[in-house]
>>> print(open('protein.cif').read())   # mmCIF, C-alpha atoms and all ligand atoms
data_target
loop_
_atom_site.label_atom_id
_atom_site.label_comp_id
_atom_site.auth_asym_id
_atom_site.auth_seq_id
_atom_site.Cartn_x
_atom_site.Cartn_y
_atom_site.Cartn_z
CA MET K 6 5.67 13.41 30.72
CA ILE K 7 9.32 13.61 29.69
CA PRO K 8 9.79 16.19 26.88
CA SER K 9 10.94 14.56 23.63
CA TRP K 10 14.20 16.60 23.51
CA VAL K 11 15.33 14.94 26.76
CA ARG K 12 14.92 11.52 25.12
CA MET K 13 17.01 12.48 22.06
CA MET K 14 20.41 10.87 21.81
CA TRP K 15 23.65 12.08 20.31
CA ASP K 16 24.72 9.58 17.67
CA ARG K 17 28.47 9.79 17.64
CA ARG K 18 28.71 7.93 14.34
CA SER K 19 26.47 10.26 12.32
CA HIS K 20 27.24 13.29 14.56
CA GLN K 21 23.56 14.12 14.91
CA PHE K 22 20.84 14.06 17.50
CA MET K 23 18.45 11.15 16.92
CA THR K 24 15.12 10.34 18.54
CA PRO K 25 14.81 6.82 20.05
CA PRO K 26 14.12 4.01 17.54
CA ARG K 27 10.50 3.06 16.83
CA VAL K 28 9.44 -0.23 15.26
CA HIS K 29 6.63 -0.33 12.68
CA SER K 30 5.03 -3.13 10.76
CA SER K 31 2.40 -3.09 8.04
CA GLY K 32 0.95 -5.26 5.30
CA PRO K 33 -0.15 -6.98 3.20
CA GLY K 34 -1.04 -3.84 1.22
CA ALA K 35 1.39 -1.60 3.15
CA ASN K 36 1.80 2.02 2.13
CA LEU K 37 5.59 2.15 2.16
CA SER K 38 7.49 5.43 2.34
CA ALA K 39 10.35 6.64 0.17
CA ALA K 40 12.51 6.45 3.32
CA TYR K 41 11.78 2.70 3.54
CA PHE K 42 12.93 2.08 -0.03
CA ASP K 43 15.93 4.44 0.40
CA ALA K 44 17.11 2.32 3.32
CA ARG K 45 16.55 -0.94 1.43
CA TYR K 46 18.48 0.43 -1.54
CA GLN K 47 21.36 1.77 0.55
CA ILE K 48 21.78 -1.42 2.57
CA LEU K 49 21.07 -4.19 0.07
CA ARG K 50 21.27 -2.94 -3.50
CA GLU K 51 23.60 0.05 -3.91
CA PRO K 52 26.67 -1.78 -2.51
CA LEU K 53 26.21 -4.43 -5.26
CA GLY K 54 25.93 -1.84 -8.06
CA PHE K 55 22.19 -2.39 -8.69
CA PRO K 56 20.07 0.51 -10.08
CA PRO K 57 17.54 2.25 -7.73
CA SER K 58 14.69 0.35 -9.47
CA ALA K 59 16.07 -2.83 -7.85
CA ALA K 60 14.88 -1.54 -4.46
CA LYS K 61 11.32 -2.67 -5.27
CA LEU K 62 10.18 -6.28 -5.45
CA PRO K 63 7.28 -7.37 -7.68
CA ASP K 64 5.25 -8.70 -4.75
CA ASP K 65 5.95 -6.00 -2.14
CA ASP K 66 2.18 -5.36 -1.88
CA ASP K 67 1.58 -8.97 -0.82
CA ALA K 68 4.19 -8.97 1.96
CA ILE K 69 4.22 -7.86 5.59
CA HIS K 70 6.98 -5.29 6.12
CA ALA K 71 8.70 -4.21 9.33
CA TRP K 72 11.14 -1.37 9.81
CA ILE K 73 12.89 0.77 12.42
CA GLU K 74 12.45 4.51 12.17
CA MET K 75 14.27 7.34 13.92
CA ASN K 76 14.17 11.10 13.51
CA GLN K 77 17.36 12.92 12.62
CA VAL K 78 17.20 16.28 14.36
CA GLU K 79 18.93 19.11 12.55
CA GLN K 80 18.31 22.55 14.08
CA ALA K 81 14.50 22.81 14.29
CA GLU K 82 13.89 20.14 11.60
CA ARG K 83 13.18 16.46 12.15
CA LYS K 84 13.81 14.15 9.23
CA VAL K 85 12.42 10.61 9.32
CA MET K 86 15.13 8.06 8.73
CA VAL K 87 14.60 4.32 8.30
CA VAL K 88 17.59 2.43 9.71
CA ALA K 89 16.51 -1.23 9.37
CA VAL K 90 14.07 -3.08 7.09
CA GLY K 91 12.69 -6.53 6.29
CA ARG K 92 9.69 -8.29 4.77
CA ILE K 93 7.89 -11.66 4.89
CA HIS K 94 5.48 -13.13 2.34
CA LEU K 95 3.35 -16.23 1.97
CA ILE K 96 4.85 -18.72 -0.50
CA PRO K 97 1.93 -19.62 -2.80
CA ALA K 98 0.59 -23.17 -2.31
CA ASP K 99 1.66 -24.16 -5.84
CA SER K 100 5.21 -22.78 -5.44
CA THR K 101 8.31 -24.12 -3.73
CA GLY K 102 9.74 -20.62 -3.34
CA ALA K 103 11.74 -19.95 -6.54
CA CYS K 104 11.35 -16.32 -7.64
CA ALA K 105 12.90 -13.43 -9.56
CA ASP K 106 15.10 -11.26 -7.36
CA THR K 107 13.78 -7.87 -8.55
CA VAL K 108 11.25 -6.29 -10.92
CA ASP K 109 13.99 -5.79 -13.56
CA GLU K 110 13.77 -7.90 -16.72
CA LYS K 111 17.27 -9.32 -16.26
CA ALA K 112 16.75 -10.03 -12.55
CA ALA K 113 18.71 -12.83 -10.91
CA HIS K 114 16.88 -16.07 -10.14
CA CYS K 115 16.46 -17.16 -6.50
CA PRO K 116 16.18 -20.96 -6.26
CA ASP K 117 13.41 -22.94 -4.55
CA PHE K 118 13.33 -24.64 -1.12
CA PRO K 119 13.48 -28.39 -1.88
CA PRO K 120 11.82 -29.56 1.42
CA LEU K 121 8.62 -27.80 0.21
CA GLY K 122 8.53 -30.16 -2.79
CA THR K 123 9.99 -33.48 -1.64
CA HIS K 124 10.01 -35.39 1.65
CA GLY K 125 13.25 -36.79 3.09
CA PHE K 126 15.52 -33.80 3.68
CA SER K 127 17.36 -33.04 6.93
CA ASP K 128 18.72 -29.70 8.06
CA GLY K 129 22.28 -28.77 9.07
CA ALA K 130 21.55 -29.67 12.70
CA GLY K 131 20.33 -33.18 11.73
CA ASN K 132 16.60 -32.46 12.18
CA ASP K 133 14.35 -34.18 9.63
CA PHE K 134 11.93 -31.91 7.76
CA PRO K 135 8.29 -32.93 8.12
CA PRO K 136 6.47 -33.87 4.87
CA PRO K 137 5.94 -30.93 2.47
CA LYS K 138 2.21 -30.60 3.30
CA SER K 139 2.98 -30.16 7.02
CA LEU K 140 5.36 -27.28 6.21
CA ARG K 141 2.46 -25.20 4.82
CA PRO K 142 1.59 -22.44 5.16
CA ALA K 143 5.19 -21.54 4.28
CA VAL K 144 6.49 -17.99 4.44
CA GLN K 145 9.70 -16.37 3.24
CA ILE K 146 11.80 -13.60 4.74
CA ARG K 147 13.45 -11.27 2.22
CA GLN K 148 15.29 -7.95 2.10
CA MET K 149 16.50 -7.83 5.72
CA GLY K 150 19.10 -5.21 6.47
CA THR K 151 20.36 -2.53 8.84
CA LEU K 152 22.29 0.61 7.81
CA GLU K 153 25.97 0.06 8.54
CA ASN K 154 26.14 2.88 11.14
CA HIS K 155 23.24 1.33 13.09
CA GLN K 156 24.25 -2.34 13.15
CA ARG K 157 24.68 -4.45 16.32
CA LYS K 158 21.95 -2.53 18.18
CA GLY K 159 19.34 -5.28 17.96
CA HIS K 160 17.42 -3.56 15.13
CA ALA K 161 17.43 -6.51 12.71
CA ALA K 162 16.45 -8.85 15.56
CA THR K 163 13.49 -6.56 16.35
CA VAL K 164 12.46 -6.41 12.68
CA LEU K 165 12.72 -10.20 12.30
CA THR K 166 10.70 -10.90 15.46
CA ASN K 167 7.99 -8.52 14.26
CA LEU K 168 7.88 -10.25 10.87
CA GLU K 169 7.70 -13.71 12.45
CA ASP K 170 4.91 -12.61 14.81
CA GLY K 171 3.09 -10.79 11.99
CA ALA K 172 3.18 -13.92 9.82
CA VAL K 173 1.69 -16.07 12.59
CA GLU K 174 -1.04 -13.50 13.19
CA GLN K 175 -1.81 -13.28 9.46
CA TRP K 176 -1.39 -16.88 8.29
CA GLY K 177 -1.41 -18.94 11.51
CA LYS K 178 1.20 -21.51 12.56
CA CYS K 179 3.59 -21.63 9.61
CA THR K 180 7.15 -22.49 8.50
CA GLY K 181 9.68 -19.76 7.76
CA PHE K 182 12.26 -20.03 4.96
CA LEU K 183 14.96 -17.64 3.79
CA GLN K 184 18.04 -17.42 1.62
CA ALA K 185 20.82 -15.95 3.74
CA ARG K 186 23.88 -14.22 2.41
CA VAL K 187 26.68 -16.21 4.04
CA ALA K 188 27.84 -13.18 6.08
CA ALA K 189 24.33 -12.90 7.58
CA ILE K 190 24.10 -16.55 8.72
CA PRO K 191 25.40 -15.83 12.28
CA PHE K 192 22.66 -13.20 12.65
CA TYR K 193 19.89 -15.60 11.64
CA GLU K 194 21.39 -18.39 13.77
CA SER K 195 21.28 -16.02 16.76
CA GLN K 196 17.51 -15.79 16.10
CA ASN K 197 17.12 -19.60 16.07
CA TRP K 198 17.04 -20.15 12.31
CA THR K 199 18.81 -23.31 11.03
CA CYS K 200 20.77 -23.83 7.79
CA PHE K 201 19.99 -26.63 5.36
CA GLY K 202 21.36 -27.84 2.02
CA ASP K 203 24.53 -26.74 0.26
CA LYS K 204 25.65 -23.18 -0.37
CA TYR K 205 24.75 -21.70 -3.78
CA VAL K 206 25.41 -18.50 -5.70
CA VAL K 207 22.62 -16.01 -6.46
CA GLU K 208 23.97 -14.23 -9.52
CA GLY K 209 25.00 -10.63 -8.87
CA ILE K 210 24.61 -11.03 -5.10
CA GLY K 211 26.90 -13.84 -4.00
CA LEU K 212 27.07 -16.99 -1.91
CA HIS K 213 23.91 -17.97 0.00
CA ARG K 214 22.59 -20.79 2.15
CA SER K 215 18.94 -21.59 2.84
CA MET K 216 17.61 -21.50 6.41
CA TRP K 217 14.32 -22.42 8.07
CA LYS K 218 12.43 -22.01 11.33
CA PRO K 219 9.03 -23.30 12.48
CA LEU K 220 6.93 -20.26 13.44
CA ASN K 221 4.30 -20.69 16.09
CA VAL K 222 2.67 -18.59 18.77
CA PRO K 223 3.46 -14.84 18.57
CA LEU K 224 5.60 -13.71 21.47
CA SER K 225 4.43 -11.18 24.03
CA PRO K 226 4.43 -7.54 22.81
CA ASP K 227 7.48 -6.66 24.94
CA SER K 228 9.58 -9.44 23.45
CA SER K 229 9.28 -7.95 19.97
CA ILE K 230 11.55 -5.00 20.81
CA GLN K 231 15.20 -5.72 21.26
CA HIS K 232 16.89 -2.34 20.63
CA ARG K 233 19.95 -1.25 22.51
CA PRO K 234 20.72 2.47 22.77
CA GLU K 235 22.30 4.15 19.74
CA GLY K 236 25.83 5.32 20.39
CA ASP K 237 26.70 2.36 22.67
CA ASN K 238 29.04 -0.32 21.36
C1 LIG P 1 22.83 -9.15 8.96
C2 LIG P 1 22.30 -7.80 9.46
C3 LIG P 1 20.89 -7.62 8.90
C4 LIG P 1 22.26 -7.80 10.99
O1 LIG P 1 21.70 -6.56 11.40
P1 LIG P 1 21.91 -5.93 12.89
O2 LIG P 1 20.85 -4.91 13.09
O3 LIG P 1 23.31 -5.52 13.04
O4 LIG P 1 21.64 -7.22 13.78
P2 LIG P 1 21.32 -7.24 15.37
O5 LIG P 1 21.98 -6.09 16.03
O6 LIG P 1 19.86 -7.38 15.53
O7 LIG P 1 22.06 -8.59 15.77
C5 LIG P 1 21.48 -9.53 16.67
C6 LIG P 1 22.50 -10.62 16.90
O8 LIG P 1 22.84 -11.26 15.65
C7 LIG P 1 24.23 -11.65 15.67
N1 LIG P 1 24.95 -10.89 14.62
C8 LIG P 1 24.53 -9.80 13.96
N2 LIG P 1 25.45 -9.41 13.05
C9 LIG P 1 26.48 -10.28 13.18
C10 LIG P 1 27.74 -10.40 12.51
N3 LIG P 1 28.12 -9.55 11.54
N4 LIG P 1 28.57 -11.40 12.89
C11 LIG P 1 28.21 -12.26 13.86
N5 LIG P 1 27.02 -12.20 14.55
C12 LIG P 1 26.17 -11.22 14.18
C13 LIG P 1 24.75 -11.31 17.05
O9 LIG P 1 24.52 -12.43 17.89
C14 LIG P 1 23.84 -10.16 17.44
O10 LIG P 1 23.74 -9.98 18.84
P3 LIG P 1 24.92 -9.16 19.62
O11 LIG P 1 25.09 -7.85 18.91
O12 LIG P 1 24.32 -9.01 21.01
O13 LIG P 1 26.15 -10.01 19.57
C15 LIG P 1 23.25 -6.64 9.01
O14 LIG P 1 24.58 -6.99 9.29
C16 LIG P 1 23.14 -6.25 7.54
O15 LIG P 1 22.28 -5.47 7.17
N6 LIG P 1 24.05 -6.77 6.69
C17 LIG P 1 24.10 -6.38 5.29
C18 LIG P 1 22.88 -6.82 4.50
C19 LIG P 1 22.60 -8.31 4.64
O16 LIG P 1 23.49 -9.15 4.51
N7 LIG P 1 21.32 -8.64 4.88
C20 LIG P 1 20.87 -10.01 4.99
C21 LIG P 1 20.53 -10.51 3.63
S1 LIG P 1 20.12 -12.24 3.68
#
>>> encode(input="protein.cif", output="structure tokens", more="lines below")
Ligand SMILES: CC(C)(COP(=O)(O)OP(=O)(O)OC[C@H]1O[C@@H](n2cnc3c(N)ncnc32)[C@H](O)[C@@H]1OP(=O)(O)O)[C@@H](O)C(=O)NCCC(=O)NCCS
Amino acid sequence: MIPSWVRMMWDRRSHQFMTPPRVHSSGPGANLSAAYFDARYQILREPLGFPPSAAKLPDDDDAIHAWIEMNQVEQAERKVMVVAVGRIHLIPADSTGACADTVDEKAAHCPDFPPLGTHGFSDGAGNDFPPPKSLRPAVQIRQMGTLENHQRKGHAATVLTNLEDGAVEQWGKCTGFLQARVAAIPFYESQNWTCFGDKYVVEGIGLHRSMWKPLNVPLSPDSSIQHRPEGDN
């Protein structure tokens, strides 16, 4: 067996040795670490001036979470670091997806997904949505992000694939929805998600557009890992 120190990589951006990335997924009812919420806060909340309490969502217990972990190696110590996160939850049968953004009282409001309520919508590629009943079970991706120093390594793609596969395993053939920050649309498009409807502002966060993707058979285990080596560009 190859000793673990041989597999460590020098990360020239953080100037530290890192172990290779590992993907994890868990939930519903996941026991999430402080490192998971630290990463979520650093990537998605802190840059917008939100308080640390905004890192938690009211229904985190109900969601499936996926994340990428690495160990930072400093002298003899190994510190677990989460570099990419994401979650997916089942949209309740009596909901069309509207929800509060965080647990805070003054949380922003995230709008619903109209095709879950009314038939007759088309997406940005000209595909007609099936009737609302055929879109159920419907699931929603939220809180996807990769630490800036670790982007463009395939981590978010790995997290997203794990969430999509986890949803199909948990809830069966289903339809995925999400509200993408406009800067993240090219990422989701690269993973075969399609935009629909007009852009809208989520207060305190910015301009968004809704996207969807039919989710079917989970892919083979190998296809759920898409990392490229750290340190490469
Ligand atoms: C969007 C985000 C999650 C992508 O994370 P990532 O780990 O860098 O994404 P990946 O490396 O898995 O990217 C896979 C593919 O998506 C596309 N992509 C990713 N980021 C992109 C960007 N900024 N511009 C254009 N295409 C992009 C590319 O096709 C990429 O493949 P390539 O690197 O071989 O060209 C990351 O930029 C991020 O955390 N942004 C800030 C938070 C955020 O906006 N989250 C989404 C909220 S809806």
>>> residues_near_ligand(input="protein.cif", ligand="ligand LIG 1 (chain P)", cutoff="9 Å", atoms="only C-alpha atoms and all ligand atoms", output="PyMOL selection string")
chain K and resi 48-49+88-91+146-153+155-165+183-196+213+231-233+238
>>> atom_distance(input="protein.cif", atom1="atom CA of Arg27 of chain K", atom2="atom CA of Glu74 of chain K")
5.3 Å
>>> residues_around(input="protein.cif", residues="Asn221 of chain K", least_positions_apart="6", cutoff="9 Å", atoms="all atoms listed in the file", output="list in words")
Glu169, Asp170, Val173, Gly177, Lys178, Cys179 and Thr180 of chain K
>>> write_last_selection(input="protein.cif", atoms="C-alpha atoms", output="short mmCIF file (atom, residue, chain, number, x, y, z; two decimals), keeping the file's coordinate frame")
data_model
loop_
_atom_site.label_atom_id
_atom_site.label_comp_id
_atom_site.auth_asym_id
_atom_site.auth_seq_id
_atom_site.Cartn_x
_atom_site.Cartn_y
_atom_site.Cartn_z
CA GLU K 169 7.70 -13.71 12.45
CA ASP K 170 4.91 -12.61 14.81
CA VAL K 173 1.69 -16.07 12.59
CA GLY K 177 -1.41 -18.94 11.51
CA LYS K 178 1.20 -21.51 12.56
CA CYS K 179 3.59 -21.63 9.61
CA THR K 180 7.15 -22.49 8.50
#
>>> closest_residue(input="protein.cif", among="K:Asp117, K:Gly171, K:Lys61, K:Gly34", to="Tyr46 of chain K", atoms="only C-alpha atoms")
K:Lys61
>>> atom_distance(input="protein.cif", atom1="atom CA of Ala143 of chain K", atom2="atom CA of Ser30 of chain K")
19.5 Å
